[in-house]
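Asker: The structure file coords-v7.csv (CSV, C-alpha atoms) is provided below.
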chain,number,residue,atom,x,y,z
A,245,MET,CA,90.0,90.1,88.2
A,246,HIS,CA,90.3,91.4,84.6
A,247,VAL,CA,91.5,89.3,81.7
A,248,SER,CA,92.3,90.4,78.1
A,249,GLU,CA,89.6,89.6,75.6
A,250,ASP,CA,92.1,88.1,73.1
A,251,LEU,CA,92.9,85.0,75.0
A,252,SER,CA,93.1,82.3,72.3
A,253,SER,CA,90.9,79.2,72.3
A,254,ARG,CA,94.0,77.0,72.5
A,255,SER,CA,95.2,78.9,75.6
A,256,ARG,CA,91.7,78.5,77.2
A,257,SER,CA,91.7,74.8,76.4
A,258,ALA,CA,95.2,74.4,77.9
A,259,PHE,CA,94.1,76.3,81.0
A,260,PHE,CA,91.0,74.2,81.5
A,261,THR,CA,93.0,71.0,81.0
A,262,LEU,CA,95.5,72.1,83.5
A,263,ALA,CA,92.9,73.0,86.1
A,264,LEU,CA,90.9,69.8,85.7
A,265,LEU,CA,94.1,67.7,85.9
A,266,LEU,CA,95.2,69.4,89.1
A,267,ALA,CA,91.7,68.9,90.7
A,268,ALA,CA,91.8,65.2,89.8
A,269,ILE,CA,95.3,64.9,91.4
A,270,ALA,CA,94.1,66.7,94.5
A,271,GLY,CA,91.0,64.4,94.8
A,272,GLY,CA,93.2,61.3,94.4
A,273,VAL,CA,95.8,62.4,96.9
A,274,ASN,CA,93.2,63.4,99.5
A,275,ALA,CA,91.4,60.0,99.1
A,276,ILE,CA,94.6,58.0,99.3
A,277,ALA,CA,95.7,59.9,102.4
A,278,PHE,CA,92.4,59.1,104.1
A,279,PHE,CA,92.7,55.4,103.3
A,280,ALA,CA,96.4,55.3,104.3
A,281,PHE,CA,96.4,57.6,107.3
A,282,GLU,CA,92.7,58.4,108.1
A,283,VAL,CA,93.4,62.1,107.7
A,284,ARG,CA,91.8,64.6,105.3
A,285,ILE,CA,95.0,66.4,104.4
A,286,SER,CA,93.7,69.1,102.0
A,287,HIS,CA,90.7,70.2,104.2
A,288,MET,CA,92.2,72.8,106.5
A,289,THR,CA,88.9,73.9,107.8
A,290,GLY,CA,88.3,70.5,109.2
A,291,ASN,CA,91.8,70.3,110.7
A,292,VAL,CA,91.4,73.7,112.4
A,293,SER,CA,88.1,72.4,113.9
A,294,TRP,CA,89.8,69.2,114.9
A,295,LEU,CA,92.4,71.3,116.7
A,296,GLY,CA,89.8,73.3,118.6
A,297,GLU,CA,87.8,70.2,119.5
A,298,SER,CA,90.9,68.4,120.7
A,299,PHE,CA,91.9,71.3,123.0
A,300,ALA,CA,88.3,71.4,124.4
A,301,ARG,CA,88.5,67.7,125.2
A,302,GLY,CA,91.9,67.9,126.7
A,303,ARG,CA,93.6,65.9,123.9
A,304,ALA,CA,96.7,68.0,123.5
A,305,ASP,CA,98.3,65.3,121.3
A,306,ASN,CA,95.5,65.4,118.7
A,307,ALA,CA,95.5,69.2,118.9
A,308,MET,CA,99.2,69.4,118.1
A,309,GLU,CA,98.9,66.9,115.2
A,310,ALA,CA,96.1,69.0,113.7
A,311,GLY,CA,98.2,72.1,114.2
A,312,PHE,CA,101.2,70.5,112.5
A,313,LEU,CA,99.0,69.7,109.5
A,314,VAL,CA,97.8,73.3,109.2
A,315,VAL,CA,101.4,74.5,109.5
A,316,ALA,CA,102.6,72.0,106.9
A,317,PHE,CA,99.9,73.2,104.5
A,318,ILE,CA,100.9,76.9,105.1
A,319,LEU,CA,104.6,76.0,104.5
A,320,GLY,CA,103.6,74.4,101.2
A,321,ALA,CA,101.9,77.6,100.2
A,322,VAL,CA,104.9,79.6,101.2
A,323,ALA,CA,107.3,77.4,99.3
A,324,SER,CA,105.1,77.6,96.2
A,325,GLU,CA,105.0,81.4,96.3
A,326,ALA,CA,108.8,81.7,97.0
A,327,LEU,CA,109.6,79.4,94.0
A,328,LEU,CA,107.2,81.4,91.7
A,329,GLU,CA,109.0,84.6,92.7
A,330,LEU,CA,112.3,83.1,91.8
A,331,THR,CA,111.1,82.2,88.3
A,332,ARG,CA,108.9,85.3,87.7
A,333,GLN,CA,110.9,86.4,84.6
A,334,ARG,CA,110.4,83.1,82.7
A,335,SER,CA,107.9,83.0,79.9
A,336,ARG,CA,107.8,79.2,80.0
A,337,GLY,CA,108.7,76.6,82.6
A,338,ARG,CA,107.9,79.0,85.4
A,339,TYR,CA,106.1,76.4,87.4
A,340,ILE,CA,108.6,73.6,87.1
A,341,PRO,CA,110.5,74.2,90.4
A,342,ALA,CA,107.2,74.1,92.5
A,343,LEU,CA,105.9,71.1,90.6
A,344,GLY,CA,109.2,69.4,90.9
A,345,VAL,CA,109.1,69.8,94.7
A,346,GLU,CA,105.6,68.4,94.8
A,347,ILE,CA,106.6,65.4,92.7
A,348,ALA,CA,109.5,64.7,95.0
A,349,VAL,CA,107.3,64.9,98.1
A,350,LEU,CA,104.6,62.7,96.7
A,351,GLY,CA,107.2,60.2,95.4
A,352,LEU,CA,108.9,60.0,98.8
A,353,VAL,CA,105.6,59.4,100.6
A,354,ALA,CA,104.7,56.7,97.9
A,355,LEU,CA,107.9,54.8,98.4
A,356,VAL,CA,108.4,55.2,102.2
A,357,GLY,CA,104.7,54.5,102.9
A,358,TYR,CA,104.8,51.3,100.8
A,359,TYR,CA,108.1,49.8,101.9
A,360,VAL,CA,108.2,51.1,105.5
A,361,PRO,CA,104.5,51.6,106.4
A,362,GLU,CA,105.1,51.7,110.2
A,363,ALA,CA,107.8,54.3,110.1
A,364,HIS,CA,107.4,58.1,110.2
A,365,GLU,CA,103.6,58.0,109.6
A,366,THR,CA,103.0,61.5,111.1
A,367,LEU,CA,105.8,62.9,108.9
A,368,LEU,CA,104.3,61.3,105.8
A,369,VAL,CA,100.9,62.9,106.6
A,370,ARG,CA,102.6,66.3,107.0
A,371,CYS,CA,104.4,65.8,103.8
A,372,LEU,CA,101.1,65.3,102.0
A,373,ALA,CA,99.6,68.4,103.6
A,374,PHE,CA,102.6,70.3,102.5
A,375,SER,CA,102.2,69.1,98.9
A,376,MET,CA,98.5,70.1,98.9
A,377,GLY,CA,99.3,73.5,100.3
A,378,LEU,CA,101.9,73.9,97.5
A,379,GLN,CA,99.6,72.8,94.8
A,380,ASN,CA,96.7,74.9,96.0
A,381,ALA,CA,98.9,78.1,96.2
A,382,LEU,CA,100.4,77.4,92.8
A,383,THR,CA,97.1,76.9,91.1
A,384,THR,CA,95.5,79.9,92.9
A,385,ARG,CA,98.4,82.1,91.7
A,386,VAL,CA,98.3,80.7,88.1
A,387,SER,CA,94.5,81.2,87.8
A,388,GLY,CA,94.3,84.6,89.4
A,389,ALA,CA,92.4,83.1,92.4
A,390,VAL,CA,89.7,81.5,90.1
A,391,VAL,CA,90.8,77.9,90.8
A,392,ARG,CA,91.6,76.3,94.1
A,393,PRO,CA,91.6,72.6,93.2
A,394,THR,CA,92.4,71.0,96.6
A,395,HIS,CA,88.9,71.7,98.1
A,396,LEU,CA,85.4,72.0,96.8
A,397,THR,CA,83.6,74.4,99.3
A,398,GLY,CA,84.1,77.4,97.1
A,399,VAL,CA,83.5,75.5,93.9
A,400,LEU,CA,80.2,74.1,95.1
A,401,THR,CA,79.1,77.5,96.4
A,402,ASP,CA,79.9,79.1,93.0
A,403,LEU,CA,78.0,76.3,91.3
A,404,GLY,CA,74.9,77.0,93.4
A,405,ILE,CA,75.1,80.7,92.4
A,406,GLN,CA,75.6,79.8,88.8
A,407,VAL,CA,72.6,77.5,88.7
A,408,VAL,CA,70.3,80.5,89.5
A,409,ARG,CA,72.0,82.6,86.9
A,410,VAL,CA,71.6,79.9,84.3
A,411,ALA,CA,67.9,79.6,85.2
A,412,VAL,CA,67.4,83.3,84.9
A,413,TRP,CA,69.2,83.4,81.5
A,414,LEU,CA,67.0,80.5,80.2
A,415,ARG,CA,63.9,82.2,81.5
A,416,GLU,CA,64.8,85.4,79.7
A,417,GLY,CA,65.2,83.4,76.5
A,418,ALA,CA,61.8,81.9,76.9
A,419,GLU,CA,60.2,85.3,77.6
A,420,ARG,CA,61.7,86.8,74.4
A,421,ALA,CA,61.0,84.0,72.0
A,422,GLY,CA,58.9,81.3,73.7
A,423,VAL,CA,59.9,77.7,73.4
A,424,ARG,CA,62.2,78.4,70.5
A,425,GLY,CA,64.1,81.0,72.5
A,426,LEU,CA,64.4,78.6,75.5
A,427,LEU,CA,65.7,75.8,73.2
A,428,GLU,CA,68.2,78.1,71.6
A,429,ARG,CA,69.6,79.1,75.0
A,430,VAL,CA,69.8,75.5,76.2
A,431,ALA,CA,71.7,74.6,73.1
A,432,GLY,CA,74.0,77.6,73.7
A,433,LEU,CA,74.9,76.7,77.3
A,434,PRO,CA,78.1,74.7,76.4
A,435,THR,CA,79.6,77.7,74.6
A,436,GLU,CA,78.0,80.8,76.2
A,437,PRO,CA,80.9,83.0,77.4
A,438,LYS,CA,79.1,84.3,80.5
A,439,PHE,CA,79.0,80.7,81.9
A,440,GLU,CA,82.6,79.8,81.1
A,441,ARG,CA,83.4,79.9,84.8
A,442,ALA,CA,80.4,77.7,85.7
A,443,ARG,CA,81.6,75.1,83.2
A,444,LEU,CA,85.0,75.2,84.8
A,445,GLN,CA,83.6,74.9,88.3
A,446,LEU,CA,81.5,71.9,87.3
A,447,GLY,CA,84.5,70.3,85.7
A,448,LEU,CA,86.6,70.8,88.8
A,449,ALA,CA,84.0,69.2,91.0
A,450,LEU,CA,83.7,66.2,88.7
A,451,SER,CA,87.4,65.9,88.3
A,452,PHE,CA,87.9,65.9,92.1
A,453,VAL,CA,85.3,63.2,92.5
A,454,MET,CA,86.8,61.1,89.7
A,455,GLY,CA,90.3,61.5,91.2
A,456,SER,CA,88.9,60.4,94.6
A,457,ILE,CA,87.2,57.3,93.1
A,458,VAL,CA,90.2,56.2,91.1
A,459,GLY,CA,92.7,57.0,93.9
A,460,SER,CA,90.7,55.0,96.4
A,461,TYR,CA,90.2,52.0,94.1
A,462,LEU,CA,93.9,51.8,93.1
A,463,PHE,CA,95.0,52.3,96.7
A,464,LEU,CA,93.2,49.1,97.7
A,465,SER,CA,95.3,47.2,95.2
A,466,PHE,CA,98.7,49.0,95.3
A,467,GLY,CA,98.8,50.8,98.6
A,468,THR,CA,100.7,54.2,98.8
A,469,LEU,CA,102.6,53.3,95.6
A,470,VAL,CA,99.6,54.7,93.8
A,471,LEU,CA,100.8,58.2,94.7
A,472,LEU,CA,103.3,57.7,91.9
A,473,LEU,CA,100.3,58.2,89.5
A,474,PRO,CA,99.7,61.8,90.6
A,475,CYS,CA,103.5,62.3,90.0
A,476,VAL,CA,102.9,61.3,86.4
A,477,GLY,CA,100.0,63.7,86.2
A,478,LEU,CA,102.2,66.5,87.5
A,479,MET,CA,104.8,65.7,84.9
A,480,VAL,CA,102.1,66.2,82.3
A,481,VAL,CA,101.4,69.6,83.8
A,482,ILE,CA,105.1,70.4,83.5
A,483,ALA,CA,105.0,69.4,79.8
A,484,MET,CA,102.0,71.7,79.3
A,485,ASP,CA,103.9,74.5,81.1
A,486,LEU,CA,106.8,74.1,78.6
A,487,SER,CA,104.6,73.9,75.6
A,488,THR,CA,103.5,76.8,73.4
A,489,MET,CA,99.9,76.1,74.4
A,490,ALA,CA,100.5,77.1,78.0
A,491,THR,CA,99.9,80.7,79.0
A,492,HIS,CA,99.9,82.4,82.4
A,493,THR,CA,96.6,84.2,81.7
A,494,PRO,CA,93.6,83.1,83.9
A,495,VAL,CA,90.1,82.3,82.9
A,496,PRO,CA,87.8,85.2,83.4
A,497,SER,CA,85.5,85.3,86.4
A,498,THR,CA,81.8,86.2,86.2
Could you take the file, read its structure, and then write that structure out as structure tokens?
Answerer:
Amino acid sequence: MHVSEDLSSRSRSAFFTLALLLAAIAGGVNAIAFFAFEVRISHMTGNVSWLGESFARGRADNAMEAGFLVVAFILGAVASEALLELTRQRSRGRYIPALGVEIAVLGLVALVGYYVPEAHETLLVRCLAFSMGLQNALTTRVSGAVVRPTHLTGVLTDLGIQVVRVAVWLREGAERAGVRGLLERVAGLPTEPKFERARLQLGLALSFVMGSIVGSYLFLSFGTLVLLLPCVGLMVVIAMDLSTMATHTPVPST
């Protein structure tokens, strides 16, 4: 992926904020879904494994449910891409239709799950999987495949790679100028361009964890109504998309 060198600091800041907010929302929704329905709705690897294990044990009912979750996630991704294609000519507000659908789905699950908890449980779980597929596809498209905020496997893998690269960079500084060179490079880590993606990935991991913690804590007090909070977060994303700070240029990869 190639990105122009003249991406403004305001645009980068807006992109980072957008990515971290979406990661926190994904962490919260995933945690709430587990507390409410005992299902990890954004982790399709686990659901595919559940499908295979269920078939092996002769549990066709569980296999079908896992399959429906995978299909719902894929349909969310399809819906996101289709809505983005419909708005491809817009310079601002391009993501509003997809985000609006996600807000509607999460709001529906929040209200139905709270007021009619026994009804349509499997449908509500599939709706959540659909919303995570939509959000993941939307953010992947926006970021040029740099950010996938609904799961951390790739993020943590990249972080492991970046740890070694940072260590090598610090060692090179020490070899060139001793302790002073090492300290200069340590001080430069927060702004060094070559580690911009590493900072983003670390932020994504922390945001996902914080979203999970906050979502879990609030669910214990408010039940599925807490899913209205991610809806507010998505409205903030819409506001950013409409603002002059928002751009459709992804953060560069390293």
Asker: Just to confirm, what's the straight-line distance from CA of Ala431 (chain A) to CA of Val408 (chain A) in Å (one decimal)?
Answerer: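 According to the coordinates, CA of Ala431 (chain A) and CA of Val408 (chain A) are separated by 17.5 Å.
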Asker: Can you list, as a ChimeraX atom specification, every protein, DNA or RNA residue that comes within 9 Å of Leu450 (chain A) when you count all atoms listed in the file, leaving out same-chain residues fewer than 3 positions away?
Answerer: /A:264,267-268,445-447,453-455
Asker: One number please: CA of Gly337 (chain A) to CA of Leu478 (chain A), in Å, one decimal.
Answerer: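 For CA of Gly337 (chain A) relative to CA of Leu478 (chain A), the distance reads 13.0 Å.
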Asker: Of the residues A:Leu472, A:Ala449, A:Leu265, A:Val369, which is the one nearest to Phe279 (chain A), using only C-alpha atoms?
Answerer: A:Val369
Asker: Work out how far CA of Leu433 (chain A) is from CA of Gly417 (chain A), in Å to one decimal.
Answerer: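 Answer for the CA of Gly417 (chain A) to CA of Leu433 (chain A) separation: 11.8 Å.
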Asker: Smallest atom-to-atom distance to Pro474 (chain A): which of A:Ala321, A:Leu462, A:Val283, A:Met308, using only C-alpha atoms?
Answerer: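 Once distances to Pro474 (chain A) are computed over only C-alpha atoms, the minimum belongs to A:Leu462.
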Asker: At a cut-off of 10 Å, using all atoms listed in the file, what residues contact Val322 (chain A)? Leave out same-chain residues fewer than 4 positions from it and give the result as a list in words.
Answerer: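 Those residues are Ala316, Phe317, Ile318, Ala326, Leu327, Leu328, Phe374, Gly377, Leu378, Ala381 and Leu382 of chain A.
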Asker: May I have the selected residues written with C-alpha atoms, as an mmCIF file, in the coordinates of the input?
Answerer:
data_model
loop_
_atom_site.group_PDB
_atom_site.id
_atom_site.type_symbol
_atom_site.label_atom_id
_atom_site.label_comp_id
_atom_site.auth_asym_id
_atom_site.auth_seq_id
_atom_site.Cartn_x
_atom_site.Cartn_y
_atom_site.Cartn_z
ATOM 1 C CA ALA A 316 102.600 72.000 106.900
ATOM 2 C CA PHE A 317 99.900 73.200 104.500
ATOM 3 C CA ILE A 318 100.900 76.900 105.100
ATOM 4 C CA ALA A 326 108.800 81.700 97.000
ATOM 5 C CA LEU A 327 109.600 79.400 94.000
ATOM 6 C CA LEU A 328 107.200 81.400 91.700
ATOM 7 C CA PHE A 374 102.600 70.300 102.500
ATOM 8 C CA GLY A 377 99.300 73.500 100.300
ATOM 9 C CA LEU A 378 101.900 73.900 97.500
ATOM 10 C CA ALA A 381 98.900 78.100 96.200
ATOM 11 C CA LEU A 382 100.400 77.400 92.800
#
Asker: For Gly459 (chain A), find every residue with an atom within 9 Å (counting all atoms listed in the file), except residues of its own chain fewer than 3 positions away, and show them as a PyMOL selection string.
Answerer: chain A and resi 269+271-276+454-456+462-464+470-471+473
Asker: If you count only C-alpha atoms, which residues fall within 12 Å of Cys371 (chain A), apart from same-chain ones fewer than 6 positions away, as an mmCIF file with C-alpha atoms, in the frame of the given file?
Answerer:
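See out_18.cif below for the written result:
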data_model
loop_
_atom_site.group_PDB
_atom_site.id
_atom_site.type_symbol
_atom_site.label_atom_id
_atom_site.label_comp_id
_atom_site.auth_asym_id
_atom_site.auth_seq_id
_atom_site.Cartn_x
_atom_site.Cartn_y
_atom_site.Cartn_z
ATOM 1 C CA VAL A 273 95.800 62.400 96.900
ATOM 2 C CA ALA A 277 95.700 59.900 102.400
ATOM 3 C CA PHE A 281 96.400 57.600 107.300
ATOM 4 C CA ILE A 285 95.000 66.400 104.400
ATOM 5 C CA SER A 286 93.700 69.100 102.000
ATOM 6 C CA PHE A 312 101.200 70.500 112.500
ATOM 7 C CA LEU A 313 99.000 69.700 109.500
ATOM 8 C CA VAL A 314 97.800 73.300 109.200
ATOM 9 C CA VAL A 315 101.400 74.500 109.500
ATOM 10 C CA ALA A 316 102.600 72.000 106.900
ATOM 11 C CA PHE A 317 99.900 73.200 104.500
ATOM 12 C CA ILE A 318 100.900 76.900 105.100
ATOM 13 C CA LEU A 319 104.600 76.000 104.500
ATOM 14 C CA GLY A 320 103.600 74.400 101.200
ATOM 15 C CA VAL A 345 109.100 69.800 94.700
ATOM 16 C CA GLU A 346 105.600 68.400 94.800
ATOM 17 C CA ILE A 347 106.600 65.400 92.700
ATOM 18 C CA ALA A 348 109.500 64.700 95.000
ATOM 19 C CA VAL A 349 107.300 64.900 98.100
ATOM 20 C CA LEU A 350 104.600 62.700 96.700
ATOM 21 C CA GLY A 351 107.200 60.200 95.400
ATOM 22 C CA LEU A 352 108.900 60.000 98.800
ATOM 23 C CA VAL A 353 105.600 59.400 100.600
ATOM 24 C CA ALA A 354 104.700 56.700 97.900
ATOM 25 C CA VAL A 356 108.400 55.200 102.200
ATOM 26 C CA GLY A 357 104.700 54.500 102.900
ATOM 27 C CA HIS A 364 107.400 58.100 110.200
ATOM 28 C CA GLU A 365 103.600 58.000 109.600
ATOM 29 C CA GLY A 377 99.300 73.500 100.300
ATOM 30 C CA LEU A 378 101.900 73.900 97.500
#
Asker: Could you tell me which of A:Val399, A:Val480, A:Leu427, A:Leu448 comes closest to Phe260 (chain A) if we count all atoms listed in the file?
Answerer: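 Residue with the minimum atom-to-atom distance to Phe260 (chain A): A:Leu448.
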Asker: Out of A:Phe452, A:Thr289, A:Ser465, A:Gly344, which residue has the shortest atom-to-atom distance to Leu400 (chain A) when counting all atoms listed in the file?
Answerer: A:Phe452
